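Engineer: Sharing a structure here in structure tokens format.
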Amino acid sequence: MRDDRQLWYRRPQRIVAIICALVGGLLIAFGPEARAMWWPNPVATVEEALAIETLPTPTVVPLVVYVSGAVTAPDVYRLTPGARVIDALQAAGGLTEQADVSGLNLAAQVRDGEHIRVPYVGEVAAQTEASETAGLINLNRASAAELEELPGIGATLAARIIERRETQGPYRSVAELREVSGIGEKLFNQIAPLVTIDP
């Protein structure tokens with residue numbers, strides 16, 4: 001006759017073995033779905049990882065600018081977005097000894113398709129003198145009082161014209177006056193023939 005006191009410790013082991021056998025049978029019977037329920041596998045296989053669509057890399061569109069004048073290698077250059085005028089001049093090999101950058105804002109951001117011309121020493125003075133002789137107001141040198149002489153330009157608009165050239169650099173064309181708040185097409189057409197810019 002067996003002594004139950006010697007078998008009591010074996011009963012839990014038998015119960016565990018029976019449960020494991022039942023679970024294993026269920027997993028075999030119901031296939032991958034049942035196995036995924038008991039043993040979820042959040043880690044993708046190599047094949048699954050390779051099949052995951054990766055996000056496309058953003059395409060960086062370069063800025064194309066033309067640099068001319070008193071630089072070592074005048075030409076068309078491609079610059080990264082956010083480049084400054086100084087970057088364009090460096091791309092063109094730097095300045096020559098005859099360069100006059102007093103009228104250039106070297107920290108201004110470059111725009112796509114822009115023409116950056118570095119004047120030679122004495123060229124700016126000659127252009128200024130010619131402008132004064134012709135009676136035109138130079139947008140890059142005129143004071144507020146001089147700008148107020150233009151038709152339709154009061155103290156407020158004169159201040160905005162000066163603020164625009166101080167914050168964004170010298171005007172590169174008379175057409176940029178349209179960027180000044182308060183100067184519409186009608187007013188621009190009135191003052192455009194009366195103003196000029198540095199080269």
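Naming works like this for the structure tokens: A, B, ... for the chains as they're shown, residue 1 at the start of each chain, ligands 1 onward in shown order.
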Could you list, as a PyMOL selection string, every residue within 10 Å of Ala91 (chain A), counting only C-alpha atoms and ignoring same-chain residues fewer than 4 positions away?
Structural biologist: chain A and resi 67+71-79+85-87
Engineer: Keeping only N, CA, C and O atoms, take the residues you just selected and write them out as a PDB file, in the first residue's frame.
Structural biologist:
ATOM      1  N   VAL A  67      26.412  85.099 -60.030  1.00  0.00           N
ATOM      2  CA  VAL A  67      27.307  86.029 -59.341  1.00  0.00           C
ATOM      3  C   VAL A  67      28.219  86.662 -60.388  1.00  0.00           C
ATOM      4  O   VAL A  67      28.892  85.954 -61.152  1.00  0.00           O
ATOM      5  N   VAL A  71      34.312  89.637 -58.632  1.00  0.00           N
ATOM      6  CA  VAL A  71      34.591  88.368 -57.950  1.00  0.00           C
ATOM      7  C   VAL A  71      35.588  87.585 -58.798  1.00  0.00           C
ATOM      8  O   VAL A  71      35.751  87.854 -59.990  1.00  0.00           O
ATOM      9  N   THR A  72      36.224  86.609 -58.178  1.00  0.00           N
ATOM     10  CA  THR A  72      37.282  85.863 -58.869  1.00  0.00           C
ATOM     11  C   THR A  72      36.754  85.046 -60.039  1.00  0.00           C
ATOM     12  O   THR A  72      37.369  84.998 -61.105  1.00  0.00           O
ATOM     13  N   ALA A  73      35.612  84.398 -59.840  1.00  0.00           N
ATOM     14  CA  ALA A  73      35.076  83.526 -60.891  1.00  0.00           C
ATOM     15  C   ALA A  73      33.588  83.771 -61.097  1.00  0.00           C
ATOM     16  O   ALA A  73      32.753  83.030 -60.576  1.00  0.00           O
ATOM     17  N   PRO A  74      33.225  84.810 -61.833  1.00  0.00           N
ATOM     18  CA  PRO A  74      31.806  85.072 -62.090  1.00  0.00           C
ATOM     19  C   PRO A  74      31.166  83.902 -62.841  1.00  0.00           C
ATOM     20  O   PRO A  74      31.725  83.415 -63.831  1.00  0.00           O
ATOM     21  N   ASP A  75      30.010  83.462 -62.369  1.00  0.00           N
ATOM     22  CA  ASP A  75      29.350  82.322 -63.015  1.00  0.00           C
ATOM     23  C   ASP A  75      28.028  82.050 -62.319  1.00  0.00           C
ATOM     24  O   ASP A  75      27.667  82.733 -61.354  1.00  0.00           O
ATOM     25  N   VAL A  76      27.340  81.014 -62.786  1.00  0.00           N
ATOM     26  CA  VAL A  76      26.100  80.555 -62.157  1.00  0.00           C
ATOM     27  C   VAL A  76      26.460  79.468 -61.143  1.00  0.00           C
ATOM     28  O   VAL A  76      27.208  78.532 -61.466  1.00  0.00           O
ATOM     29  N   TYR A  77      25.917  79.574 -59.952  1.00  0.00           N
ATOM     30  CA  TYR A  77      26.260  78.639 -58.881  1.00  0.00           C
ATOM     31  C   TYR A  77      25.000  78.084 -58.221  1.00  0.00           C
ATOM     32  O   TYR A  77      23.955  78.751 -58.193  1.00  0.00           O
ATOM     33  N   ARG A  78      25.146  76.880 -57.701  1.00  0.00           N
ATOM     34  CA  ARG A  78      24.066  76.234 -56.951  1.00  0.00           C
ATOM     35  C   ARG A  78      24.412  76.299 -55.461  1.00  0.00           C
ATOM     36  O   ARG A  78      25.502  75.877 -55.070  1.00  0.00           O
ATOM     37  N   LEU A  79      23.484  76.795 -54.671  1.00  0.00           N
ATOM     38  CA  LEU A  79      23.690  76.933 -53.238  1.00  0.00           C
ATOM     39  C   LEU A  79      22.584  76.211 -52.495  1.00  0.00           C
ATOM     40  O   LEU A  79      21.490  75.995 -53.029  1.00  0.00           O
ATOM     41  N   VAL A  85      24.312  85.921 -48.951  1.00  0.00           N
ATOM     42  CA  VAL A  85      25.086  86.554 -50.017  1.00  0.00           C
ATOM     43  C   VAL A  85      26.565  86.234 -49.875  1.00  0.00           C
ATOM     44  O   VAL A  85      27.256  85.972 -50.864  1.00  0.00           O
ATOM     45  N   ILE A  86      27.056  86.204 -48.643  1.00  0.00           N
ATOM     46  CA  ILE A  86      28.463  85.888 -48.428  1.00  0.00           C
ATOM     47  C   ILE A  86      28.808  84.489 -48.925  1.00  0.00           C
ATOM     48  O   ILE A  86      29.906  84.256 -49.443  1.00  0.00           O
ATOM     49  N   ASP A  87      27.864  83.558 -48.819  1.00  0.00           N
ATOM     50  CA  ASP A  87      28.090  82.197 -49.324  1.00  0.00           C
ATOM     51  C   ASP A  87      28.216  82.202 -50.848  1.00  0.00           C
ATOM     52  O   ASP A  87      29.034  81.468 -51.411  1.00  0.00           O
TER      53      ASP A  87
END
Engineer: Extract the full set of strand (DSSP E or B) residues from region 55-187 of chain A according to DSSP on the backbone, and format it as a list in words.
Structural biologist: Leu63, Val64, Val65, Tyr66, Val67, Ser68, Gly69, Val71, Asp75, Val76, Tyr77, Arg78, Leu79, Arg84, Leu95, Ala99, Gln109, His115, Ile116, Arg117, Val118, Tyr120, Ile137 and Asn138 of chain A
Engineer: Let me make sure I understand: among A:Gly135, A:Gly82, A:Gly113, A:Pro170, which one has the smallest atom-to-atom distance to Val101 (chain A) if we use only C-alpha atoms?
Structural biologist: A:Pro170
Engineer: Between A:Thr80, A:Val65, A:Glu166, A:Leu150, which has the minimum distance to Leu104 (chain A) (counting only C-alpha atoms)?
Structural biologist: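 Between A:Thr80, A:Val65, A:Glu166, A:Leu150, the residue approaching Leu104 (chain A) most closely is A:Glu166.
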Engineer: Would you mind listing what lies within 9 Å of Glu146 (chain A) as a VMD selection string, with only C-alpha atoms counted and same-chain residues fewer than 4 positions away left out?
Structural biologist: chain A and resid 137 142 150 158
Engineer: From the set A:Ala175, A:Ile153, A:Ile197, A:Ala70, which residue has the shortest atom-to-atom contact distance to Ile116 (chain A), counting only C-alpha atoms?
Structural biologist: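 Of A:Ala175, A:Ile153, A:Ile197, A:Ala70, the one nearest Ile116 (chain A) is A:Ala70, counting only C-alpha atoms.
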Engineer: Could you check which of A:Ser181, A:Gln90, A:Thr196, A:Asn189 is closest to Leu136 (chain A), using only C-alpha atoms?
Structural biologist: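 Nearest to Leu136 (chain A): A:Thr196.
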Engineer: Record the distance separating CA of Ala108 (chain A) and CA of Ala145 (chain A), expressed in Å with one decimal.
Structural biologist: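 These two atoms are separated by 26.0 Å.
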Engineer: Between A:Ile191, A:Tyr171, A:Arg111, A:Ala99, which residue has the minimum interatomic distance to Pro62 (chain A), considering only C-alpha atoms?
Structural biologist: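 Nearest candidate to Pro62 (chain A) out of A:Ile191, A:Tyr171, A:Arg111, A:Ala99: A:Arg111.
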